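Step one of this worksheet: look at the structure below.
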Amino acid sequence: MLMVTDITAWHGSAQILFGVSLVVRPGEVVALMGRNGMGKSTLIRALMGLCRIRSGSVTWQGREIHRLPPYRIARLGIGLVPEGRQVFPTLTVRENLLAVAANYGQLEEPFTLEHVFALFPRLAERPGHLGRELSGGEQQMLAIARALMINPRLLLLDEAGEGLAPLVREEIWQGLDHLRRRGLAILVVDRDIDALLRISDRLLFMEKGSIVWQDEHPFPCLDSSVKLRYLGV
Amino acid sequence: MAAETTRSGLVFCGGCFLLLLVLPPLLDLAGQQYLLSLACRALIYGLAASSLNLILGYGGMVSLGHAAFVGIGAYTVGILARSGPGSGLVAWPLAVVLAMLFALLTGAVSLRTRGMHFIMITLAFAQMVYFFFTSLETCGGTDGIPLSGRNLLPGLDLNDDRVFYYLCLGLLTLLLFLLHRLIHARFGRVLVGSRENEQRLQVLGLATFGHRLLAYCLAGGIAGLAGALLANLGEYVSPSMLHWTRSGEIMVMVLLGGTGTLAGPVLGAFVLLFLEDYLAMYTEHWMAILGPVLILVVLFARGGLYPLLAGHGRQR
């Protein structure tokens, strides 16, 4: 469904991505891990069109998208949950969700307000609260819910559980697990390896701008030496 | 959410509107008719400042080239009037269209930049227009174009200062109403949203560039209309309308009155022009007084005068 072939990207004069290739199949959850500064966020931004790809290609449902502006990519059915959440601070929860509602992925059973509220009951409890009044975890739920309201076929999550309390993070993971069972493809960046192992079909490790190691569920090749080598844990 | 929809804001705006409505007879009573043309000038500059406010206050695009749109509108009227006073129904829409066209062409380029680069590129485009008109002999060069009379409109005698005043007031009120509707429509929400964080809207599937460009064109068109009115008011088109200091003056009106508020820029235009006129009666160095006043406003009324007077904070 999403095919990334040998892409490179620069940040000013510094090269960040050195020929990254990966595939996300329909309904598949792919987890992307790696230490800081290895290019995970840049890769997500590049896929979304927020960072220019110098060479290589990205095809989405058979169509080249790596030269499209971000809003066109979103309209083709790719939703982003950005790093740092970026909810609309002066809009209420309900407004945050309704402001962008659309069915870009042309899903037969599109997400509605009821669906995302059922997914994250905490949001349903405070539909009239302003975005800035929410806790970090609630904001993250809102950011995910907002991305779902454009009804993507692929969800990109950058640092999904960053800076959240363990219990809240668990709610986020459960929400993602639910989305996986609903058949949504997800590419998620995070550092919580135990949670990612539970919900992912595939695990990729990035190092210095390339994907250096990967394994599929139930991850037979993953042992402590691999974790130490690529994650430092 | 909007500043104008609060009760104190409505009362303030309504009061100001009524005052403007009865201003001509009041000035007659006071024997101060000469102030009518100053008030009219303030209305027209209020229109120009409101158009800048659309892109600066709501859209976050700090343009230092607004005088170009005003000047293009004024020169359109001036050039058409060289063969005698023509119909305003031809000259004014043409002024608006040409200003919008200029906004479309320059906006398509300059909106690709942000911040300081945007300021410089809009300034550069405006200076090009300034030097274009001042070096063109057929446009009067640095002397400008004197008009033989005001434009003709069916049923209205624009040479009557009162009629012209009410026409300006009517146009300003109409456009403020339209701007109010625009800001609270989806279009305006996207514009305000792109001021705060453009990428956030883009990844949600919204084409922000088109929205920003359209806002830029609308602002250019309204400023063009202000230019056409200004040419009619003084019956003279001067290259100084195009000078970059004029862009700065319009920006000061917006900041003084309150960016991102509907009535603020009009208030700013009135305060600035009347203060200028009043201070000039006492000293020719009125700028030395006006400058510190502006600094005080910026320091102590951060949202501008309008939120201060109407009793509420700036619309975020």
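Here, A, B, ... name the chains of the structure tokens in the order displayed, residue numbers run from 1 inside each chain, and ligands are numbered from 1 in the same displayed order.
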
Query raised in the report: Any idea what's packed within 12 Å of stretch 99-102 of chain A, counting only C-alpha atoms, ignoring anything in its chain fewer than 6 positions away? Could you give it as number ranges by chain?
Result: A: 71, 74-77, 79, 87-88, 91-93, 110-113, 116, 143, 145-152; B: 185-187, 189-190, 193, 200-207

Near-B:Phe131 list (12 Å; only C-alpha atoms; drop same-chain fewer than 3 positions) as a JSON list (two decimals) with C-alpha atoms, in the first residue's frame:
[["chain", "number", "residue", "atom", "x", "y", "z"],
["B", 68, "ALA", "CA", 1.10, 49.74, -3.64],
["B", 71, "GLY", "CA", -1.63, 53.61, -5.17],
["B", 124, "ALA", "CA", 10.36, 45.43, -2.76],
["B", 125, "PHE", "CA", 7.26, 44.91, -4.92],
["B", 126, "ALA", "CA", 5.70, 48.09, -3.56],
["B", 127, "GLN", "CA", 8.86, 50.08, -4.30],
["B", 128, "MET", "CA", 8.83, 48.77, -7.85],
["B", 134, "THR", "CA", 7.16, 58.24, -10.59],
["B", 135, "SER", "CA", 9.36, 57.62, -13.61],
["B", 136, "LEU", "CA", 6.47, 57.45, -16.06],
["B", 137, "GLU", "CA", 6.03, 60.87, -17.65],
["B", 139, "CYS", "CA", 1.50, 59.47, -15.17],
["B", 141, "GLY", "CA", 6.09, 61.62, -12.88],
["B", 142, "THR", "CA", 6.83, 62.93, -9.41],
["B", 239, "PRO", "CA", 3.09, 59.44, -5.83],
["B", 240, "SER", "CA", 3.36, 59.83, -2.06],
["B", 242, "LEU", "CA", 2.71, 54.79, -3.09],
["B", 243, "HIS", "CA", 5.65, 55.56, -0.89],
["B", 244, "TRP", "CA", 6.69, 52.87, 1.57]]

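Each of B:Cys40, B:Ala301, B:Leu10, B:Ser110 was compared to B:Leu262 using only C-alpha atoms, and B:Leu10 turns out to be the nearest.
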
Requested in this report: Excluding A:Leu176 and residues on its chain fewer than 6 positions from it, collect all residues at most 12 Å away from it, counting only C-alpha atoms, and give them as number ranges by chain.
Outcome: A: 27-31, 116, 119-120, 140-141, 144-145, 148, 155-157, 160-161, 169-170, 182-188, 195-196, 198-200

Report task. Excluding A:Ala46 and residues on its chain fewer than 5 positions from it, collect all residues at most 8 Å away from it, counting only C-alpha atoms, and give them as a ChimeraX atom specification. Result -> /A:9,51-53,66

Query raised in the report: Which is closest to B:Arg112 among B:Met61, B:Leu290, B:Leu273, B:Leu36, if we use only C-alpha atoms?
Result: B:Met61

Report task. DSSP on the backbone, then: every residue of stretch 14-79 of chain A marked alpha helix (DSSP H), written as a PyMOL selection string. Result -> chain A and resi 40-48+70-75

Compile the contact shell of stretch 215-227 of chain B as a short mmCIF file (atom, residue, chain, number, x, y, z; two decimals) with all heavy atoms, in the first residue's frame: residues with an atom at most 6 Å away, counting only C-alpha atoms, same-chain residues fewer than 5 positions apart removed.
data_model
loop_
_atom_site.label_atom_id
_atom_site.label_comp_id
_atom_site.auth_asym_id
_atom_site.auth_seq_id
_atom_site.Cartn_x
_atom_site.Cartn_y
_atom_site.Cartn_z
N ILE B 44 -11.58 56.43 4.85
CA ILE B 44 -10.93 55.74 3.73
C ILE B 44 -9.68 55.00 4.22
O ILE B 44 -9.43 53.85 3.85
CB ILE B 44 -10.58 56.74 2.62
CG1 ILE B 44 -11.86 57.38 2.08
CG2 ILE B 44 -9.82 56.05 1.50
CD1 ILE B 44 -11.62 58.52 1.12
N ALA B 48 -8.52 50.98 4.21
CA ALA B 48 -7.22 50.42 3.84
C ALA B 48 -6.62 49.63 5.00
O ALA B 48 -6.09 48.53 4.82
CB ALA B 48 -6.27 51.54 3.41
N SER B 51 -8.25 46.32 5.47
CA SER B 51 -7.82 45.31 4.50
C SER B 51 -6.46 44.75 4.89
O SER B 51 -6.21 43.55 4.75
CB SER B 51 -7.79 45.90 3.09
OG SER B 51 -6.69 46.76 2.93
N PHE B 69 -1.12 48.79 -3.32
CA PHE B 69 -2.51 48.53 -3.72
C PHE B 69 -3.31 49.83 -3.72
O PHE B 69 -4.08 50.10 -4.64
CB PHE B 69 -3.17 47.52 -2.77
CG PHE B 69 -2.41 46.24 -2.64
CD1 PHE B 69 -2.08 45.74 -1.40
CD2 PHE B 69 -2.04 45.53 -3.77
CE1 PHE B 69 -1.38 44.55 -1.29
CE2 PHE B 69 -1.35 44.34 -3.67
CZ PHE B 69 -1.01 43.85 -2.42
N VAL B 70 -3.11 50.62 -2.66
CA VAL B 70 -3.80 51.91 -2.58
C VAL B 70 -3.42 52.77 -3.78
O VAL B 70 -4.27 53.36 -4.45
CB VAL B 70 -3.43 52.64 -1.26
CG1 VAL B 70 -4.06 54.01 -1.20
CG2 VAL B 70 -3.85 51.80 -0.05
N GLY B 71 -2.12 52.79 -4.07
CA GLY B 71 -1.63 53.61 -5.17
C GLY B 71 -2.16 53.15 -6.51
O GLY B 71 -2.53 53.97 -7.36
N GLY B 73 -4.94 51.63 -7.08
CA GLY B 73 -6.33 52.07 -7.15
C GLY B 73 -6.44 53.55 -7.49
O GLY B 73 -7.23 53.95 -8.35
N ALA B 74 -5.61 54.35 -6.85
CA ALA B 74 -5.65 55.80 -7.07
C ALA B 74 -5.22 56.14 -8.49
O ALA B 74 -5.85 56.95 -9.17
CB ALA B 74 -4.75 56.50 -6.05
N ALA B 95 -10.28 49.78 -10.60
CA ALA B 95 -9.23 49.99 -9.59
C ALA B 95 -9.11 48.76 -8.70
O ALA B 95 -8.01 48.29 -8.39
CB ALA B 95 -9.57 51.22 -8.74
N VAL B 96 -10.27 48.21 -8.30
CA VAL B 96 -10.28 47.03 -7.43
C VAL B 96 -9.66 45.84 -8.16
O VAL B 96 -8.80 45.13 -7.63
CB VAL B 96 -11.72 46.70 -6.98
CG1 VAL B 96 -11.76 45.36 -6.26
CG2 VAL B 96 -12.27 47.80 -6.09
N ALA B 99 -5.87 46.18 -8.66
CA ALA B 99 -5.15 45.98 -7.39
C ALA B 99 -5.15 44.50 -7.03
O ALA B 99 -4.14 43.96 -6.55
CB ALA B 99 -5.80 46.81 -6.28
N MET B 100 -6.27 43.81 -7.27
CA MET B 100 -6.35 42.38 -6.97
C MET B 100 -5.41 41.59 -7.87
O MET B 100 -4.77 40.64 -7.43
CB MET B 100 -7.77 41.86 -7.15
CG MET B 100 -8.70 42.25 -6.03
SD MET B 100 -10.34 41.52 -6.25
CE MET B 100 -10.13 39.97 -5.42
N ALA B 103 -2.07 41.96 -6.62
CA ALA B 103 -1.94 41.14 -5.40
C ALA B 103 -1.77 39.67 -5.76
O ALA B 103 -0.99 38.95 -5.15
CB ALA B 103 -3.16 41.33 -4.51
N LEU B 104 -2.49 39.24 -6.79
CA LEU B 104 -2.41 37.83 -7.19
C LEU B 104 -1.00 37.49 -7.68
O LEU B 104 -0.40 36.50 -7.27
CB LEU B 104 -3.43 37.55 -8.30
CG LEU B 104 -3.48 36.12 -8.82
CD1 LEU B 104 -4.06 35.20 -7.77
CD2 LEU B 104 -4.29 36.04 -10.09
#

Report task. Tell me which protein, DNA and RNA residues are within 12 Å of A:Glu125, counting only C-alpha atoms, leaving out same-chain ones fewer than 6 positions away, and put them as a PyMOL selection string. Result -> chain A and resi 93-94+117-118+134+138

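As for atom CA of B:Ile121 and atom CA of B:Leu175, they are spaced 27.5 Å apart.
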
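The interatomic distance for the pair atom CA of A:Thr59 and atom CA of A:Val4 works out to 6.5 Å.
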
Report task. Considering only C-alpha atoms, return as JSON, numbers by chain whatever protein or nucleic-acid residues lie within 10 Å of B:Glu249, sequence-local ones (same chain, fewer than 2 positions apart) excluded. Result -> {"B": [45, 49, 64, 66, 67, 244, 245, 246, 247, 251, 252, 253, 254, 255, 269, 272, 273]}

Report task. Output as a ChimeraX atom specification all residues of stretch 14-75 of chain A that backbone DSSP marks as strand (DSSP E or B). Result -> /A:14-24,29-33,53-60,63-64

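In this comparison, which uses only C-alpha atoms, the residue of B:Leu256, B:Leu43, B:Val192, B:Val163 approaching chain A most closely is B:Val192.
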
Requested in this report: Could you tell me how far atom CA of A:Leu142 lies from atom CA of A:Tyr104, in Å and to one decimal?
Outcome: 18.7 Å
